[in-house]
Amino acid sequence: MKTHGNHIDRRAFLRGAGAAVALPFLESIAPAASLARAAASASGQPTRMVCIGLDYGMHPEGFFPKETGPSYTMPSLLRPLESLRQDFTLFSHLDHPGIKGGHRATHSFLTGVLSQQSKGMPEGNISLDQKAAEFVGANTRFPSIQLNTGGGSYGGGISWTRNGVAKAPVPDLNSLFDALFRETPESQKGRLAQSYKLNTSILDVVREDAQSLQKRLGKNDREKLDEYFTSVREVEKRLSMSEAWLNRAKPVVDYALPDPLPTAFYDEVPLYFELMKLALQTDSTRVLTYNIVGWKSESGLTGVTKGYHDLTHHGKNPEKLKQLAIIETFYSRELARFLEDLKRHQASADQSLLDNTMVLFGSGLGNASSHSNRDLPLLLAGGGFQHGEHKDYPKSGRSQTPACNLYLSMLQKFGMEIEQFGTSSGTLQGLV
């Protein structure tokens, strides 16, 4: 390797910095057959996960029931879900201990870890959905799909890889439909295949001489190089998965997006839920995240005349609370419709798609009005769990229950043999 004093030749660095040394076992590149068995429910159907995040949370007084157990009175904001009460569980006093920062901490919703504090964690700030996506691997065309309504959010979204990179969402409805169901032209397939080969060759080049380079670096540089190795492995996996699915036909569905597409939030959100349902039905993916930030142009919601963020800082103003309730009831109504659609679709002779799909609905923001990240609004539906209750956990002290205990329980139900996720202290008691 060429060097100039303490200066390392740039080409030598580029060739060496990508080396993937002593790769650990990765569920995402385990044999497909074993993964399919591990991630299947008792019926033989694959288990799926959907995480729906609300950037501004839900007004606590309208979300949390006053009673615990199965006989709780349905809170005002969740009344559209009344007919489905046996299909979901509500949780009180779950959050991510030590997390604060208001809007700028909502990105920890599915991780329990702030992005700037991820280096101290064994798996960084990998999110719940991406942990599940690693497990699914190449068994589906898309290991996971990230969606977003309303543009950017504070902190970079809610879906994170283990090396601290926020997963970019699909940019719009047309792009989502095309990716799921529109066949790639043969000419473009050829270009993509060549691109995959070229990128693979580049990764092979940068991997050379890595061991030698590592020995010449200081501690800080070795840590940076290790982060780079992780990024390279992520790219390798994506290339391998993309190439494997390139020439497989996409599913055909009897559905088309409206033309022109609506611009109002009220009309746009249901279309995202419809495509999410179709993605699950066709097994195009088994892991979906949908981050609902707000609206770019107009809400389209009757009775809403003020800005969303302004309404969350209501100061208990009755008119603002009334308009905020319209927005948040709309979320519950769309969630109810989505769950009902999954429940109607038979995945097997004795189970619905909802039985095989765990749907997490909530936020990394507990109270938008006070910028609190405590007492997160969390609801879990489907997925083969026993539902129908409101569960209340200790609010503070040593017995406080991290929200990551719920996430660990979900990942175990998903098929993963793990004992830790994020800031979990165990699985969630009382959730079967």
# chains A, B, ... in the order shown; residues from 1 in each chain; ligands from 1
call {"tool": "closest_atom_pairs", "arguments": {"of": "segment 405-430 of chain A", "to": "segment 372-389 of chain A", "cutoff": "12 Å", "atoms": "only C-alpha atoms", "output": "Markdown table"}}
result
| residue | atom | partner | partner_atom | distance |
| --- | --- | --- | --- | --- |
| A:Leu406 | CA | A:Leu380 | CA | 9.2 |
| A:Tyr407 | CA | A:Leu380 | CA | 10.2 |
| A:Ser409 | CA | A:Phe385 | CA | 10.0 |
| A:Met410 | CA | A:Gly383 | CA | 8.5 |
| A:Leu411 | CA | A:Gly383 | CA | 10.8 |
| A:Gln412 | CA | A:Gly383 | CA | 11.4 |
| A:Lys413 | CA | A:Gly383 | CA | 7.9 |
| A:Phe414 | CA | A:Gly383 | CA | 8.4 |
| A:Gly415 | CA | A:Gly383 | CA | 11.5 |
| A:Gly430 | CA | A:Gln386 | CA | 9.6 |
call {"tool": "write_last_selection", "arguments": {"atoms": "C-alpha atoms", "output": "compact mmCIF listing (two decimals), in the first residue's frame"}}
result
# COMPACT_ATOMS: atom_id res chain seq x y z
CA LEU A 406 -43.88 -4.16 23.93
CA TYR A 407 -41.60 -4.07 20.90
CA SER A 409 -42.83 -9.00 22.60
CA MET A 410 -43.82 -8.10 19.04
CA LEU A 411 -40.47 -9.22 17.61
CA GLN A 412 -40.65 -12.52 19.47
CA LYS A 413 -44.17 -13.06 18.12
CA PHE A 414 -42.78 -12.20 14.70
CA GLY A 415 -40.53 -15.22 15.05
CA GLY A 430 -49.85 -9.50 30.37
call {"tool": "residues_around", "arguments": {"residues": "Asp254 of chain A", "least_positions_apart": "3", "cutoff": "12 Å", "atoms": "only C-alpha atoms", "output": "count of residues only"}}
result
6
call {"tool": "closest_residue", "arguments": {"among": "A:Gly426, A:Asn174, A:Leu408, A:Lys391", "to": "Lys66 of chain A", "atoms": "only C-alpha atoms"}}
result
A:Lys391
call {"tool": "residues_around", "arguments": {"residues": "Gly53 of chain A", "least_positions_apart": "2", "cutoff": "9 Å", "atoms": "only C-alpha atoms", "output": "list in words"}}
result
Cys51, Asp55, Tyr56, Gly57, Phe109, Leu110, Ile158, Thr289, Tyr290, Asn291, Ile292, Val293, Leu360, Phe361, Gly362, Ser363 and Gly364 of chain A
call {"tool": "write_last_selection", "arguments": {"atoms": "N, CA and C atoms", "output": "short mmCIF file (atom, residue, chain, number, x, y, z; two decimals), in the first residue's frame"}}
result
data_model
loop_
_atom_site.label_atom_id
_atom_site.label_comp_id
_atom_site.auth_asym_id
_atom_site.auth_seq_id
_atom_site.Cartn_x
_atom_site.Cartn_y
_atom_site.Cartn_z
N CYS A 51 -46.40 -0.50 11.17
CA CYS A 51 -46.22 0.51 12.22
C CYS A 51 -46.68 1.86 11.68
N ASP A 55 -46.92 12.07 13.90
CA ASP A 55 -45.88 12.99 14.32
C ASP A 55 -46.30 13.89 15.47
N TYR A 56 -47.59 14.17 15.59
CA TYR A 56 -48.07 15.06 16.64
C TYR A 56 -48.85 14.32 17.73
N GLY A 57 -48.79 13.00 17.73
CA GLY A 57 -49.42 12.22 18.78
C GLY A 57 -50.94 12.29 18.75
N PHE A 109 -39.63 6.96 18.25
CA PHE A 109 -40.88 6.21 18.42
C PHE A 109 -40.67 4.70 18.32
N LEU A 110 -40.01 4.23 17.29
CA LEU A 110 -39.85 2.79 17.06
C LEU A 110 -38.48 2.25 17.50
N ILE A 158 -39.12 7.90 11.28
CA ILE A 158 -39.26 6.93 12.37
C ILE A 158 -38.64 5.58 12.07
N THR A 289 -44.01 0.78 7.33
CA THR A 289 -44.16 1.90 8.26
C THR A 289 -44.83 3.05 7.52
N TYR A 290 -45.72 3.72 8.22
CA TYR A 290 -46.43 4.87 7.64
C TYR A 290 -46.37 6.00 8.65
N ASN A 291 -45.60 7.02 8.36
CA ASN A 291 -45.44 8.17 9.26
C ASN A 291 -46.35 9.30 8.76
N ILE A 292 -47.33 9.66 9.56
CA ILE A 292 -48.30 10.70 9.18
C ILE A 292 -47.91 11.99 9.88
N VAL A 293 -47.40 12.92 9.08
CA VAL A 293 -46.92 14.19 9.62
C VAL A 293 -48.00 15.26 9.55
N LEU A 360 -49.18 -1.72 14.81
CA LEU A 360 -48.89 -0.79 15.90
C LEU A 360 -49.28 0.61 15.46
N PHE A 361 -50.05 1.30 16.29
CA PHE A 361 -50.52 2.65 16.01
C PHE A 361 -50.14 3.52 17.19
N GLY A 362 -49.43 4.62 16.93
CA GLY A 362 -49.04 5.46 18.05
C GLY A 362 -48.11 6.58 17.65
N SER A 363 -47.30 7.03 18.61
CA SER A 363 -46.45 8.19 18.38
C SER A 363 -45.31 8.21 19.36
N GLY A 364 -44.25 8.91 18.99
CA GLY A 364 -43.15 9.17 19.90
C GLY A 364 -43.36 10.43 20.71
#
call {"tool": "select_by_dssp", "arguments": {"residues": "segment 45-81 of chain A", "states": "strand (DSSP E)", "output": "NGL selection string"}}
result
:A and (48-54)
call {"tool": "residues_around", "arguments": {"residues": "Asp310 of chain A", "least_positions_apart": "2", "cutoff": "12 Å", "atoms": "only C-alpha atoms", "output": "ChimeraX atom specification"}}
result
/A:56,294,304-308,312-315,317,319-321,323-324,368-369
call {"tool": "write_last_selection", "arguments": {"atoms": "N, CA and C atoms", "output": "PDB file, in the first residue's frame"}}
result
ATOM      1  N   TYR A  56     -47.590  14.174  15.589  1.00  0.00           N
ATOM      2  CA  TYR A  56     -48.073  15.065  16.645  1.00  0.00           C
ATOM      3  C   TYR A  56     -48.848  14.318  17.733  1.00  0.00           C
ATOM      4  N   GLY A 294     -48.699  15.318   8.442  1.00  0.00           N
ATOM      5  CA  GLY A 294     -49.727  16.341   8.257  1.00  0.00           C
ATOM      6  C   GLY A 294     -50.045  16.487   6.800  1.00  0.00           C
ATOM      7  N   VAL A 304     -62.055  21.972   9.882  1.00  0.00           N
ATOM      8  CA  VAL A 304     -60.671  22.308  10.254  1.00  0.00           C
ATOM      9  C   VAL A 304     -60.250  23.555   9.481  1.00  0.00           C
ATOM     10  N   THR A 305     -60.041  24.635  10.204  1.00  0.00           N
ATOM     11  CA  THR A 305     -59.705  25.908   9.562  1.00  0.00           C
ATOM     12  C   THR A 305     -58.334  26.428   9.964  1.00  0.00           C
ATOM     13  N   LYS A 306     -57.707  25.775  10.960  1.00  0.00           N
ATOM     14  CA  LYS A 306     -56.410  26.241  11.452  1.00  0.00           C
ATOM     15  C   LYS A 306     -55.317  25.227  11.118  1.00  0.00           C
ATOM     16  N   GLY A 307     -54.087  25.656  11.264  1.00  0.00           N
ATOM     17  CA  GLY A 307     -52.961  24.784  11.019  1.00  0.00           C
ATOM     18  C   GLY A 307     -52.867  23.675  12.058  1.00  0.00           C
ATOM     19  N   TYR A 308     -52.378  22.510  11.635  1.00  0.00           N
ATOM     20  CA  TYR A 308     -52.310  21.335  12.500  1.00  0.00           C
ATOM     21  C   TYR A 308     -51.441  21.604  13.732  1.00  0.00           C
ATOM     22  N   THR A 312     -52.411  21.653  17.867  1.00  0.00           N
ATOM     23  CA  THR A 312     -51.861  20.804  18.934  1.00  0.00           C
ATOM     24  C   THR A 312     -51.454  21.634  20.148  1.00  0.00           C
ATOM     25  N   HIS A 313     -51.114  22.909  19.930  1.00  0.00           N
ATOM     26  CA  HIS A 313     -50.819  23.811  21.044  1.00  0.00           C
ATOM     27  C   HIS A 313     -52.096  24.579  21.382  1.00  0.00           C
ATOM     28  N   HIS A 314     -53.054  23.816  21.859  1.00  0.00           N
ATOM     29  CA  HIS A 314     -54.423  24.327  22.019  1.00  0.00           C
ATOM     30  C   HIS A 314     -54.615  25.186  23.255  1.00  0.00           C
ATOM     31  N   GLY A 315     -53.767  25.011  24.293  1.00  0.00           N
ATOM     32  CA  GLY A 315     -53.950  25.768  25.527  1.00  0.00           C
ATOM     33  C   GLY A 315     -55.321  25.554  26.126  1.00  0.00           C
ATOM     34  N   ASN A 317     -58.046  25.582  24.641  1.00  0.00           N
ATOM     35  CA  ASN A 317     -59.050  26.378  23.944  1.00  0.00           C
ATOM     36  C   ASN A 317     -60.088  25.449  23.322  1.00  0.00           C
ATOM     37  N   GLU A 319     -62.363  25.645  20.974  1.00  0.00           N
ATOM     38  CA  GLU A 319     -62.464  25.613  19.520  1.00  0.00           C
ATOM     39  C   GLU A 319     -61.283  24.862  18.909  1.00  0.00           C
ATOM     40  N   LYS A 320     -60.086  25.084  19.449  1.00  0.00           N
ATOM     41  CA  LYS A 320     -58.920  24.365  18.939  1.00  0.00           C
ATOM     42  C   LYS A 320     -59.017  22.864  19.234  1.00  0.00           C
ATOM     43  N   LEU A 321     -59.480  22.538  20.435  1.00  0.00           N
ATOM     44  CA  LEU A 321     -59.640  21.130  20.792  1.00  0.00           C
ATOM     45  C   LEU A 321     -60.675  20.446  19.903  1.00  0.00           C
ATOM     46  N   GLN A 323     -61.365  21.210  16.745  1.00  0.00           N
ATOM     47  CA  GLN A 323     -60.756  20.970  15.434  1.00  0.00           C
ATOM     48  C   GLN A 323     -59.689  19.875  15.492  1.00  0.00           C
ATOM     49  N   LEU A 324     -58.926  19.859  16.598  1.00  0.00           N
ATOM     50  CA  LEU A 324     -57.923  18.805  16.761  1.00  0.00           C
ATOM     51  C   LEU A 324     -58.587  17.434  16.830  1.00  0.00           C
ATOM     52  N   ALA A 368     -48.417  16.727  22.569  1.00  0.00           N
ATOM     53  CA  ALA A 368     -47.847  17.752  21.694  1.00  0.00           C
ATOM     54  C   ALA A 368     -47.968  19.145  22.290  1.00  0.00           C
ATOM     55  N   SER A 369     -49.021  19.380  23.059  1.00  0.00           N
ATOM     56  CA  SER A 369     -49.252  20.707  23.619  1.00  0.00           C
ATOM     57  C   SER A 369     -48.138  21.110  24.581  1.00  0.00           C
TER      58      SER A 369
END
call {"tool": "residues_around", "arguments": {"residues": "Lys277 of chain A", "least_positions_apart": "6", "cutoff": "10 Å", "atoms": "only C-alpha atoms", "output": "short mmCIF file (atom, residue, chain, number, x, y, z; two decimals) with N, CA and C atoms, in the first residue's frame"}}
result
data_model
loop_
_atom_site.label_atom_id
_atom_site.label_comp_id
_atom_site.auth_asym_id
_atom_site.auth_seq_id
_atom_site.Cartn_x
_atom_site.Cartn_y
_atom_site.Cartn_z
N VAL A 50 -47.05 -3.86 10.66
CA VAL A 50 -47.32 -2.51 10.17
C VAL A 50 -47.18 -1.56 11.35
N LEU A 271 -55.81 6.40 0.40
CA LEU A 271 -55.14 5.73 -0.71
C LEU A 271 -53.86 5.04 -0.23
N ASP A 283 -48.19 -10.17 -0.62
CA ASP A 283 -46.91 -10.56 -0.01
C ASP A 283 -45.73 -9.88 -0.71
N LEU A 288 -44.19 -2.75 6.99
CA LEU A 288 -44.56 -1.42 6.48
C LEU A 288 -44.52 -0.41 7.62
N PHE A 338 -58.84 0.25 7.77
CA PHE A 338 -57.71 -0.60 7.41
C PHE A 338 -57.78 -1.95 8.13
N LEU A 339 -58.05 -1.91 9.43
CA LEU A 339 -58.15 -3.15 10.20
C LEU A 339 -59.32 -4.01 9.73
N ASP A 341 -60.55 -4.08 6.73
CA ASP A 341 -60.16 -4.67 5.44
C ASP A 341 -59.26 -5.89 5.65
N LEU A 342 -58.30 -5.79 6.56
CA LEU A 342 -57.43 -6.92 6.85
C LEU A 342 -58.21 -8.07 7.45
N HIS A 345 -60.16 -10.09 4.78
CA HIS A 345 -59.36 -10.87 3.82
C HIS A 345 -58.90 -12.17 4.48
N LEU A 353 -56.22 -12.00 7.39
CA LEU A 353 -54.93 -11.33 7.24
C LEU A 353 -54.59 -10.55 8.51
#
call {"tool": "residues_around", "arguments": {"residues": "segment 118-127 of chain A", "least_positions_apart": "5", "cutoff": "9 Å", "atoms": "only C-alpha atoms", "output": "ChimeraX atom specification"}}
result
/A:108-113,132,158-165,421-423
call {"tool": "atom_distance", "arguments": {"atom1": "atom CA of Leu428 of chain A", "atom2": "atom CA of Ser399 of chain A"}}
result
12.2 Å
call {"tool": "closest_residue", "arguments": {"among": "A:Leu301, A:Ala166, A:Leu84, A:Ala279", "to": "Leu180 of chain A", "atoms": "only C-alpha atoms"}}
result
A:Ala279
call {"tool": "atom_distance", "arguments": {"atom1": "atom CA of Tyr272 of chain A", "atom2": "atom CA of Ile52 of chain A"}}
result
11.4 Å
call {"tool": "select_by_dssp", "arguments": {"residues": "segment 283-409 of chain A", "states": "alpha helix (DSSP H)", "output": "PyMOL selection string"}}
result
chain A and resi 308-312+318-344+403-409
call {"tool": "write_last_selection", "arguments": {"atoms": "N, CA and C atoms", "output": "mmCIF file, in the first residue's frame"}}
result
data_model
loop_
_atom_site.group_PDB
_atom_site.id
_atom_site.type_symbol
_atom_site.label_atom_id
_atom_site.label_comp_id
_atom_site.auth_asym_id
_atom_site.auth_seq_id
_atom_site.Cartn_x
_atom_site.Cartn_y
_atom_site.Cartn_z
ATOM 1 N N TYR A 308 -52.378 22.510 11.635
ATOM 2 C CA TYR A 308 -52.310 21.335 12.500
ATOM 3 C C TYR A 308 -51.441 21.604 13.732
ATOM 4 N N HIS A 309 -50.243 22.122 13.522
ATOM 5 C CA HIS A 309 -49.340 22.369 14.635
ATOM 6 C C HIS A 309 -49.940 23.376 15.612
ATOM 7 N N ASP A 310 -50.580 24.384 15.082
ATOM 8 C CA ASP A 310 -51.239 25.388 15.923
ATOM 9 C C ASP A 310 -52.308 24.740 16.796
ATOM 10 N N LEU A 311 -53.049 23.805 16.227
ATOM 11 C CA LEU A 311 -54.127 23.155 16.975
ATOM 12 C C LEU A 311 -53.585 22.264 18.091
ATOM 13 N N THR A 312 -52.411 21.653 17.867
ATOM 14 C CA THR A 312 -51.861 20.804 18.934
ATOM 15 C C THR A 312 -51.454 21.634 20.148
ATOM 16 N N PRO A 318 -61.380 25.573 23.677
ATOM 17 C CA PRO A 318 -62.413 24.644 23.214
ATOM 18 C C PRO A 318 -62.493 24.538 21.692
ATOM 19 N N GLU A 319 -62.363 25.645 20.974
ATOM 20 C CA GLU A 319 -62.464 25.613 19.520
ATOM 21 C C GLU A 319 -61.283 24.862 18.909
ATOM 22 N N LYS A 320 -60.086 25.084 19.449
ATOM 23 C CA LYS A 320 -58.920 24.365 18.939
ATOM 24 C C LYS A 320 -59.017 22.864 19.234
ATOM 25 N N LEU A 321 -59.480 22.538 20.435
ATOM 26 C CA LEU A 321 -59.640 21.130 20.792
ATOM 27 C C LEU A 321 -60.675 20.446 19.903
ATOM 28 N N LYS A 322 -61.712 21.171 19.546
ATOM 29 C CA LYS A 322 -62.736 20.621 18.664
ATOM 30 C C LYS A 322 -62.150 20.291 17.298
ATOM 31 N N GLN A 323 -61.365 21.210 16.745
ATOM 32 C CA GLN A 323 -60.756 20.970 15.434
ATOM 33 C C GLN A 323 -59.689 19.875 15.492
ATOM 34 N N LEU A 324 -58.926 19.859 16.598
ATOM 35 C CA LEU A 324 -57.923 18.805 16.761
ATOM 36 C C LEU A 324 -58.587 17.434 16.830
ATOM 37 N N ALA A 325 -59.728 17.367 17.485
ATOM 38 C CA ALA A 325 -60.462 16.099 17.590
ATOM 39 C C ALA A 325 -60.925 15.619 16.219
ATOM 40 N N ILE A 326 -61.261 16.535 15.324
ATOM 41 C CA ILE A 326 -61.665 16.153 13.963
ATOM 42 C C ILE A 326 -60.512 15.438 13.255
ATOM 43 N N ILE A 327 -59.300 15.996 13.397
ATOM 44 C CA ILE A 327 -58.119 15.399 12.767
ATOM 45 C C ILE A 327 -57.837 14.027 13.351
ATOM 46 N N GLU A 328 -57.832 13.930 14.667
ATOM 47 C CA GLU A 328 -57.429 12.692 15.308
ATOM 48 C C GLU A 328 -58.497 11.606 15.199
ATOM 49 N N THR A 329 -59.752 11.996 15.125
ATOM 50 C CA THR A 329 -60.818 11.021 14.877
ATOM 51 C C THR A 329 -60.715 10.491 13.450
ATOM 52 N N PHE A 330 -60.273 11.346 12.531
ATOM 53 C CA PHE A 330 -60.042 10.911 11.152
ATOM 54 C C PHE A 330 -58.987 9.805 11.115
ATOM 55 N N TYR A 331 -57.906 9.965 11.898
ATOM 56 C CA TYR A 331 -56.889 8.909 11.981
ATOM 57 C C TYR A 331 -57.506 7.597 12.452
ATOM 58 N N SER A 332 -58.296 7.681 13.513
ATOM 59 C CA SER A 332 -58.915 6.472 14.066
ATOM 60 C C SER A 332 -59.865 5.830 13.064
ATOM 61 N N ARG A 333 -60.580 6.641 12.328
ATOM 62 C CA ARG A 333 -61.518 6.110 11.333
ATOM 63 C C ARG A 333 -60.777 5.386 10.215
ATOM 64 N N GLU A 334 -59.668 5.971 9.762
ATOM 65 C CA GLU A 334 -58.889 5.317 8.704
ATOM 66 C C GLU A 334 -58.202 4.061 9.218
ATOM 67 N N LEU A 335 -57.746 4.085 10.471
ATOM 68 C CA LEU A 335 -57.179 2.878 11.063
ATOM 69 C C LEU A 335 -58.238 1.786 11.145
ATOM 70 N N ALA A 336 -59.451 2.144 11.576
ATOM 71 C CA ALA A 336 -60.535 1.168 11.682
ATOM 72 C C ALA A 336 -60.849 0.551 10.323
ATOM 73 N N ARG A 337 -60.898 1.373 9.293
ATOM 74 C CA ARG A 337 -61.185 0.863 7.953
ATOM 75 C C ARG A 337 -60.092 -0.101 7.497
ATOM 76 N N PHE A 338 -58.843 0.247 7.771
ATOM 77 C CA PHE A 338 -57.707 -0.601 7.406
ATOM 78 C C PHE A 338 -57.784 -1.950 8.129
ATOM 79 N N LEU A 339 -58.049 -1.911 9.435
ATOM 80 C CA LEU A 339 -58.147 -3.148 10.205
ATOM 81 C C LEU A 339 -59.316 -4.011 9.732
ATOM 82 N N GLU A 340 -60.429 -3.368 9.431
ATOM 83 C CA GLU A 340 -61.589 -4.114 8.929
ATOM 84 C C GLU A 340 -61.280 -4.785 7.593
ATOM 85 N N ASP A 341 -60.553 -4.084 6.730
ATOM 86 C CA ASP A 341 -60.162 -4.666 5.441
ATOM 87 C C ASP A 341 -59.263 -5.886 5.646
ATOM 88 N N LEU A 342 -58.298 -5.787 6.557
ATOM 89 C CA LEU A 342 -57.426 -6.920 6.845
ATOM 90 C C LEU A 342 -58.207 -8.075 7.453
ATOM 91 N N LYS A 343 -59.188 -7.744 8.258
ATOM 92 C CA LYS A 343 -59.996 -8.780 8.912
ATOM 93 C C LYS A 343 -60.892 -9.507 7.914
ATOM 94 N N ARG A 344 -61.342 -8.819 6.891
ATOM 95 C CA ARG A 344 -62.213 -9.437 5.875
ATOM 96 C C ARG A 344 -61.438 -10.350 4.934
ATOM 97 N N ALA A 403 -41.516 1.115 26.704
ATOM 98 C CA ALA A 403 -42.289 0.751 25.515
ATOM 99 C C ALA A 403 -41.561 -0.319 24.705
ATOM 100 N N CYS A 404 -40.241 -0.372 24.828
ATOM 101 C CA CYS A 404 -39.469 -1.388 24.107
ATOM 102 C C CYS A 404 -39.781 -2.800 24.594
ATOM 103 N N ASN A 405 -40.388 -2.937 25.781
ATOM 104 C CA ASN A 405 -40.851 -4.257 26.214
ATOM 105 C C ASN A 405 -41.971 -4.742 25.300
ATOM 106 N N LEU A 406 -42.839 -3.825 24.903
ATOM 107 C CA LEU A 406 -43.877 -4.157 23.925
ATOM 108 C C LEU A 406 -43.240 -4.548 22.602
ATOM 109 N N TYR A 407 -42.246 -3.797 22.180
ATOM 110 C CA TYR A 407 -41.603 -4.066 20.897
ATOM 111 C C TYR A 407 -40.879 -5.410 20.912
ATOM 112 N N LEU A 408 -40.242 -5.741 22.036
ATOM 113 C CA LEU A 408 -39.588 -7.041 22.154
ATOM 114 C C LEU A 408 -40.612 -8.168 22.052
ATOM 115 N N SER A 409 -41.765 -7.997 22.692
ATOM 116 C CA SER A 409 -42.831 -8.998 22.602
ATOM 117 C C SER A 409 -43.306 -9.159 21.160
#
call {"tool": "atom_distance", "arguments": {"atom1": "atom CA of Tyr154 of chain A", "atom2": "atom CA of His103 of chain A"}}
result
6.0 Å
